[in-house]
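Reproduced below: final.cif, with mmCIF, C-alpha atoms.
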```cif
data_input
loop_
_atom_site.label_atom_id
_atom_site.label_comp_id
_atom_site.auth_asym_id
_atom_site.auth_seq_id
_atom_site.Cartn_x
_atom_site.Cartn_y
_atom_site.Cartn_z
CA MET U 193 -30.69 6.77 -17.46
CA ARG U 194 -32.22 3.60 -18.93
CA THR U 195 -31.67 1.71 -22.16
CA ALA U 196 -34.40 -0.73 -23.28
CA GLY U 197 -35.65 -0.88 -19.70
CA VAL U 198 -32.22 -1.72 -18.22
CA PRO U 199 -30.59 0.78 -15.80
CA VAL U 200 -27.27 2.15 -17.01
CA THR U 201 -24.77 3.11 -14.32
CA ALA U 202 -21.60 5.12 -14.72
CA PRO U 203 -18.32 3.16 -14.69
CA VAL U 204 -16.33 2.96 -11.47
CA ARG U 205 -13.70 5.73 -11.52
CA VAL U 206 -10.29 4.26 -10.71
CA LEU U 207 -7.09 5.92 -9.53
CA LEU U 208 -4.04 3.82 -10.44
CA ALA U 209 -0.78 4.40 -8.53
CA ASP U 210 2.49 2.68 -9.45
CA ASP U 211 5.96 4.15 -9.98
CA HIS U 212 6.53 2.04 -13.11
CA THR U 213 4.96 3.56 -16.21
CA LEU U 214 4.86 0.23 -18.06
CA VAL U 215 3.03 -1.44 -15.17
CA ARG U 216 0.47 1.36 -15.07
CA ARG U 217 -0.01 1.07 -18.82
CA GLY U 218 -0.62 -2.68 -18.61
CA VAL U 219 -2.99 -2.43 -15.67
CA ARG U 220 -4.86 0.41 -17.33
CA LEU U 221 -5.43 -1.76 -20.41
CA ILE U 222 -6.95 -4.45 -18.19
CA LEU U 223 -9.28 -2.06 -16.39
CA ASP U 224 -10.28 0.14 -19.31
CA GLY U 225 -11.22 -3.01 -21.23
CA GLU U 226 -14.16 -3.50 -18.85
CA PRO U 227 -17.42 -1.57 -19.38
CA ASP U 228 -17.93 -0.93 -15.66
CA LEU U 229 -14.39 0.31 -14.89
CA THR U 230 -12.43 3.31 -16.13
CA VAL U 231 -9.07 4.72 -15.05
CA VAL U 232 -9.54 8.45 -14.55
CA ALA U 233 -6.22 9.26 -12.87
CA GLU U 234 -2.69 7.92 -12.46
CA ALA U 235 0.04 8.60 -9.90
CA GLY U 236 3.72 7.72 -9.75
CA ASP U 237 4.04 7.60 -5.96
CA GLY U 238 1.93 7.38 -2.82
CA ALA U 239 1.96 11.10 -2.03
CA GLU U 240 0.76 11.94 -5.53
CA ALA U 241 -1.96 9.30 -5.19
CA VAL U 242 -3.22 10.88 -1.97
CA ALA U 243 -3.28 14.34 -3.55
CA ARG U 244 -5.07 13.08 -6.66
CA ALA U 245 -7.67 11.15 -4.68
CA ARG U 246 -8.36 14.16 -2.47
CA ALA U 247 -9.01 16.22 -5.59
CA GLY U 248 -12.19 14.16 -6.02
CA ASP U 249 -13.95 12.18 -8.76
CA VAL U 250 -12.39 8.84 -7.72
CA ASP U 251 -14.31 5.80 -6.42
CA LEU U 252 -11.50 3.26 -6.12
CA ALA U 253 -7.74 3.55 -5.58
CA VAL U 254 -5.44 0.75 -6.77
CA LEU U 255 -2.09 1.21 -5.02
CA ASP U 256 1.26 -0.51 -5.49
CA VAL U 257 3.09 -1.35 -2.25
CA ALA U 258 6.62 -0.12 -3.03
CA MET U 259 6.57 3.48 -4.29
CA PRO U 260 8.78 6.56 -3.71
CA ARG U 261 8.05 9.18 -1.03
CA MET U 262 5.06 7.27 0.37
CA THR U 263 4.34 3.54 0.03
CA GLY U 264 0.99 2.16 -0.99
CA LEU U 265 0.34 1.07 2.60
CA GLN U 266 1.15 4.55 3.91
CA ALA U 267 -1.06 6.09 1.24
CA ALA U 268 -3.87 3.66 2.12
CA ARG U 269 -3.71 4.70 5.79
CA GLU U 270 -3.82 8.38 4.84
CA LEU U 271 -6.69 7.91 2.38
CA SER U 272 -8.68 5.82 4.86
CA ARG U 273 -8.45 8.65 7.37
CA ARG U 274 -9.24 11.44 4.94
CA LEU U 275 -11.65 9.71 2.53
CA PRO U 276 -13.43 6.91 4.41
CA GLY U 277 -15.81 6.31 1.49
CA LEU U 278 -12.99 5.56 -0.96
CA ARG U 279 -12.40 1.89 -1.74
CA ILE U 280 -8.76 0.79 -1.78
CA LEU U 281 -6.99 -2.19 -3.34
CA ILE U 282 -3.33 -3.10 -2.91
CA LEU U 283 -1.64 -4.38 -6.07
CA THR U 284 1.73 -5.92 -5.31
CA MET U 285 4.48 -8.29 -6.38
CA TYR U 286 4.90 -9.39 -2.72
CA ASP U 287 3.23 -12.66 -1.73
CA ASN U 288 3.65 -11.79 1.92
CA GLU U 289 1.44 -12.44 4.96
CA GLN U 290 2.72 -9.40 6.83
CA TYR U 291 1.87 -7.07 3.95
CA PHE U 292 -1.56 -8.64 3.65
CA PHE U 293 -2.44 -7.94 7.29
CA GLU U 294 -0.90 -4.46 7.11
CA ALA U 295 -3.03 -3.76 4.03
CA LEU U 296 -6.20 -4.70 5.90
CA LYS U 297 -5.17 -2.60 8.90
CA ALA U 298 -4.47 0.31 6.54
CA GLY U 299 -8.03 0.20 5.22
CA ALA U 300 -7.62 -1.78 2.00
CA CYS U 301 -10.38 -4.22 1.08
CA GLY U 302 -8.31 -6.33 -1.27
CA TYR U 303 -4.80 -7.61 -2.00
CA VAL U 304 -3.93 -8.62 -5.57
CA LEU U 305 -0.66 -10.03 -6.90
CA LYS U 306 0.72 -8.38 -10.03
CA SER U 307 1.63 -11.79 -11.40
CA VAL U 308 -2.06 -12.68 -11.70
CA ALA U 309 -3.51 -9.20 -12.16
CA ASP U 310 -4.91 -10.13 -15.55
CA ARG U 311 -6.95 -12.86 -13.83
CA ASP U 312 -7.86 -11.32 -10.47
CA LEU U 313 -7.78 -7.52 -10.62
CA VAL U 314 -11.14 -6.93 -12.33
CA GLU U 315 -12.86 -9.30 -9.91
CA ALA U 316 -11.13 -7.55 -6.99
CA CYS U 317 -12.29 -4.13 -8.19
CA ARG U 318 -15.89 -5.31 -8.43
CA ALA U 319 -15.70 -6.96 -5.00
CA ALA U 320 -14.33 -3.73 -3.51
CA MET U 321 -17.24 -1.73 -4.90
CA ARG U 322 -19.62 -4.25 -3.31
CA ASP U 323 -17.81 -3.71 0.02
CA GLU U 324 -16.57 -7.29 -0.09
CA PRO U 325 -12.98 -8.30 0.80
CA PHE U 326 -10.80 -9.87 -1.87
CA VAL U 327 -7.79 -12.09 -1.25
CA TYR U 328 -6.05 -13.73 -4.18
CA PRO U 329 -7.10 -17.39 -4.16
CA GLY U 330 -3.66 -18.89 -3.64
CA ALA U 331 -3.16 -16.93 -0.42
CA GLU U 332 -6.23 -18.10 1.43
CA ARG U 333 -4.96 -21.56 2.38
CA ALA U 334 -1.50 -20.23 3.30
CA LEU U 335 -2.92 -17.45 5.47
CA VAL U 336 -5.24 -19.77 7.35
CA ARG U 337 -2.43 -22.31 7.85
CA ALA U 338 -0.06 -19.62 9.15
CA TYR U 339 -2.68 -18.34 11.58
CA LEU U 340 -3.49 -21.86 12.81
CA ASP U 341 0.22 -22.50 13.33
CA ARG U 342 0.40 -19.43 15.57
CA LEU U 343 -2.68 -20.62 17.48
CA HIS U 344 -1.05 -24.01 18.08
CA ARG U 345 1.98 -22.16 19.48
CA GLY U 346 -0.33 -20.25 21.81
CA ASP U 347 -0.05 -17.00 19.88
CA GLY U 348 -3.24 -15.92 18.14
CA ARG U 349 -2.21 -12.32 17.70
CA LEU U 350 -1.75 -10.62 14.38
CA PRO U 351 1.86 -9.86 13.36
CA GLU U 352 3.28 -6.90 15.29
CA ARG U 353 4.62 -3.78 13.63
CA ALA U 354 8.34 -3.32 14.21
CA VAL U 355 8.09 0.48 13.94
CA THR U 356 5.38 3.13 14.27
CA GLU U 357 3.69 4.68 11.25
CA ARG U 358 5.68 7.92 11.63
CA GLU U 359 8.95 6.01 12.05
CA GLU U 360 8.13 4.02 8.91
CA GLU U 361 7.56 7.25 6.95
CA ILE U 362 10.91 8.63 8.10
CA LEU U 363 12.72 5.33 7.55
CA LYS U 364 11.52 5.24 3.95
CA LEU U 365 12.57 8.82 3.22
CA VAL U 366 15.98 8.37 4.89
CA ALA U 367 16.56 5.23 2.81
CA GLU U 368 15.64 7.16 -0.34
CA GLY U 369 18.46 9.60 0.45
CA HIS U 370 16.50 12.61 1.70
CA THR U 371 18.19 14.91 4.23
CA SER U 372 16.65 15.65 7.62
CA LYS U 373 15.68 19.12 6.37
CA GLU U 374 13.96 17.67 3.28
CA ILE U 375 12.12 15.08 5.37
CA ALA U 376 11.01 17.77 7.80
CA GLU U 377 9.56 19.81 4.94
CA LEU U 378 7.79 16.79 3.42
CA LEU U 379 6.22 15.73 6.74
CA PHE U 380 5.64 19.23 8.18
CA ILE U 381 7.74 18.58 11.28
CA SER U 382 11.02 20.01 12.55
CA ALA U 383 14.44 18.71 11.53
CA LYS U 384 15.14 18.00 15.22
CA THR U 385 12.08 15.76 15.36
CA VAL U 386 13.32 13.91 12.29
CA GLU U 387 16.72 13.37 13.92
CA ARG U 388 15.05 12.09 17.09
CA HIS U 389 12.94 9.61 15.13
CA ARG U 390 16.01 8.51 13.18
CA ALA U 391 17.96 7.90 16.39
CA ASN U 392 15.01 5.93 17.80
CA LEU U 393 14.90 3.81 14.64
CA LEU U 394 18.60 2.97 14.86
CA HIS U 395 18.24 2.02 18.52
CA LYS U 396 14.99 0.06 18.13
CA LEU U 397 16.18 -1.91 15.10
CA GLY U 398 19.73 -2.40 16.36
CA LEU U 399 21.24 -0.66 13.33
CA ARG U 400 24.26 1.64 13.04
CA ASP U 401 23.86 4.00 10.10
CA ARG U 402 21.94 5.08 6.99
CA LEU U 403 23.29 2.14 4.95
CA GLU U 404 21.86 -0.39 7.39
CA LEU U 405 18.59 1.54 7.53
CA THR U 406 18.44 1.37 3.75
CA ARG U 407 19.02 -2.38 3.76
CA TYR U 408 16.27 -2.79 6.35
CA ALA U 409 13.90 -0.64 4.25
CA ILE U 410 14.55 -2.87 1.22
CA ARG U 411 13.83 -6.03 3.23
CA ALA U 412 10.66 -4.44 4.60
CA GLY U 413 9.48 -3.57 1.09
CA LEU U 414 9.51 0.19 1.70
CA ILE U 415 11.86 0.79 -1.22
CA GLU U 416 13.02 -1.30 -4.13
CA PRO U 417 16.67 -2.45 -4.36
#
```
Just dump the structure as structure tokens.
Amino acid sequence: MRTAGVPVTAPVRVLLADDHTLVRRGVRLILDGEPDLTVVAEAGDGAEAVARARAGDVDLAVLDVAMPRMTGLQAARELSRRLPGLRILILTMYDNEQYFFEALKAGACGYVLKSVADRDLVEACRAAMRDEPFVYPGAERALVRAYLDRLHRGDGRLPERAVTEREEEILKLVAEGHTSKEIAELLFISAKTVERHRANLLHKLGLRDRLELTRYAIRAGLIEP
């Protein structure tokens, strides 16, 4: 369709996932205020975001990092596998190098801090739809400096993951208080497999019980305190 000789394109359809209703409301106001962006769906956790995105009619997913059941990073990995054409942005309160690299590995094309969402989020959405990466401006110098520091120490590798993706999923659900049976049903595995992963987590991380796993999950940003 054209208006006065100028092509008119449909707005980018955005899925917004955050477990805080007030945050979603504020972010939605920012995005819906732009003529080329429109929020067509919302989700309160990562699993709901994956289900909603798979239902179709979404061009871009904006995912919070810390959400129940499935984090934004876990959801990003799942969506990247299942919907490779979907653009993904991580919206987070964590100014954290590890999360930034994990977001890129998970398939996200941008990382935006909530504290400056009113300034950066619209630009990040447009960059994502152009297949361009977006890093919030204040992070660029710090990220380069951190990487150069590692190079000077003879270590140019990216930060290592402490646990596997499956272990991370189980760690999060254990910390949220789910039983082995409930976790098994959520992840479509056996309760014995859940117990084995849980034992591996305790051994690998040098922890003793669920309480220490929960504390670790909070420090890792998998759940909120």
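With only C-alpha atoms as the atoms that count, the residue of U:Ala295, U:Val215, U:Leu399, U:Phe380 with the shortest distance to Ala309 in chain U is U:Val215.
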Contacts of Arg407 in chain U within 12 Å, only C-alpha atoms, excl. fewer than 4 positions in-chain, as an NGL selection string: :U and (363-364 or 366-368 or 397 or 399-403 or 411-417)
Quiz prompt | Target residues per the PyMOL selection byres ((chain U and resi 226) around 12), formatted as a list in words | solution = Pro203, Val204, Arg205, Val206, Val219, Arg220, Leu221, Ile222, Leu223, Asp224, Gly225, Pro227, Asp228, Leu229, Thr230, Val231, Asp310, Leu313, Val314, Glu315, Cys317 and Arg318 of chain U
Please report the interatomic distance between CA of Ala267 in chain U and CA of Leu296 in chain U in Å with one decimal.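 According to the coordinates, CA of Ala267 in chain U and CA of Leu296 in chain U are separated by 12.8 Å.
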Can you tell me how far CA of Lys373 in chain U sits from CA of Ala354 in chain U, in Å to one decimal?
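Between these atoms lies a distance of 24.9 Å.
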From CA of Tyr286 in chain U to CA of Arg358 in chain U the spacing works out at 22.5 Å
**Asked** Can you list, as an MDAnalysis selection string, the residues that the PyMOL selection byres ((chain U and resi 379) around 12) selects here?
**Response** chainID U and resid 239 261:262 358:359 361:362 365 370 372:378 380:383 385:386
Among U:Met321, U:Met259, U:Ala409, U:Leu305, Ala209 in chain U is approached most closely, using all atoms listed in the file, by U:Met259
Enclose all atoms of range 310-314 of chain U listed in the file in an axis-aligned box, grow every side by 8 Å, and hand back centre and edge lengths in Å to one decimal, as lines of an AutoDock Vina configuration file.
```
center_x = -8.0
center_y = -9.9
center_z = -13.0
size_x = 22.2
size_y = 21.9
size_z = 21.1
```
>> The residues within 7 Å of (-12.4, -6.7, -2.4), using only C-alpha atoms and the coordinates of the file, should be reported as a list in words; which are they?
In response: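 Residues with an atom at most 7 Å from (-12.4, -6.7, -2.4): Cys301, Gly302, Ala316, Cys317, Ala319, Ala320, Asp323, Glu324, Pro325 and Phe326 of chain U.
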| task | Write out as a list in words each polymer residue whose atoms come within 8 Å of Gln266 in chain U, counting all atoms listed in the file; drop sequence neighbours fewer than 2 positions from it. | result | Gly238, Met262, Thr263, Gly264, Ala268, Arg269, Glu270, Ala298, Glu357 and Glu361 of chain U
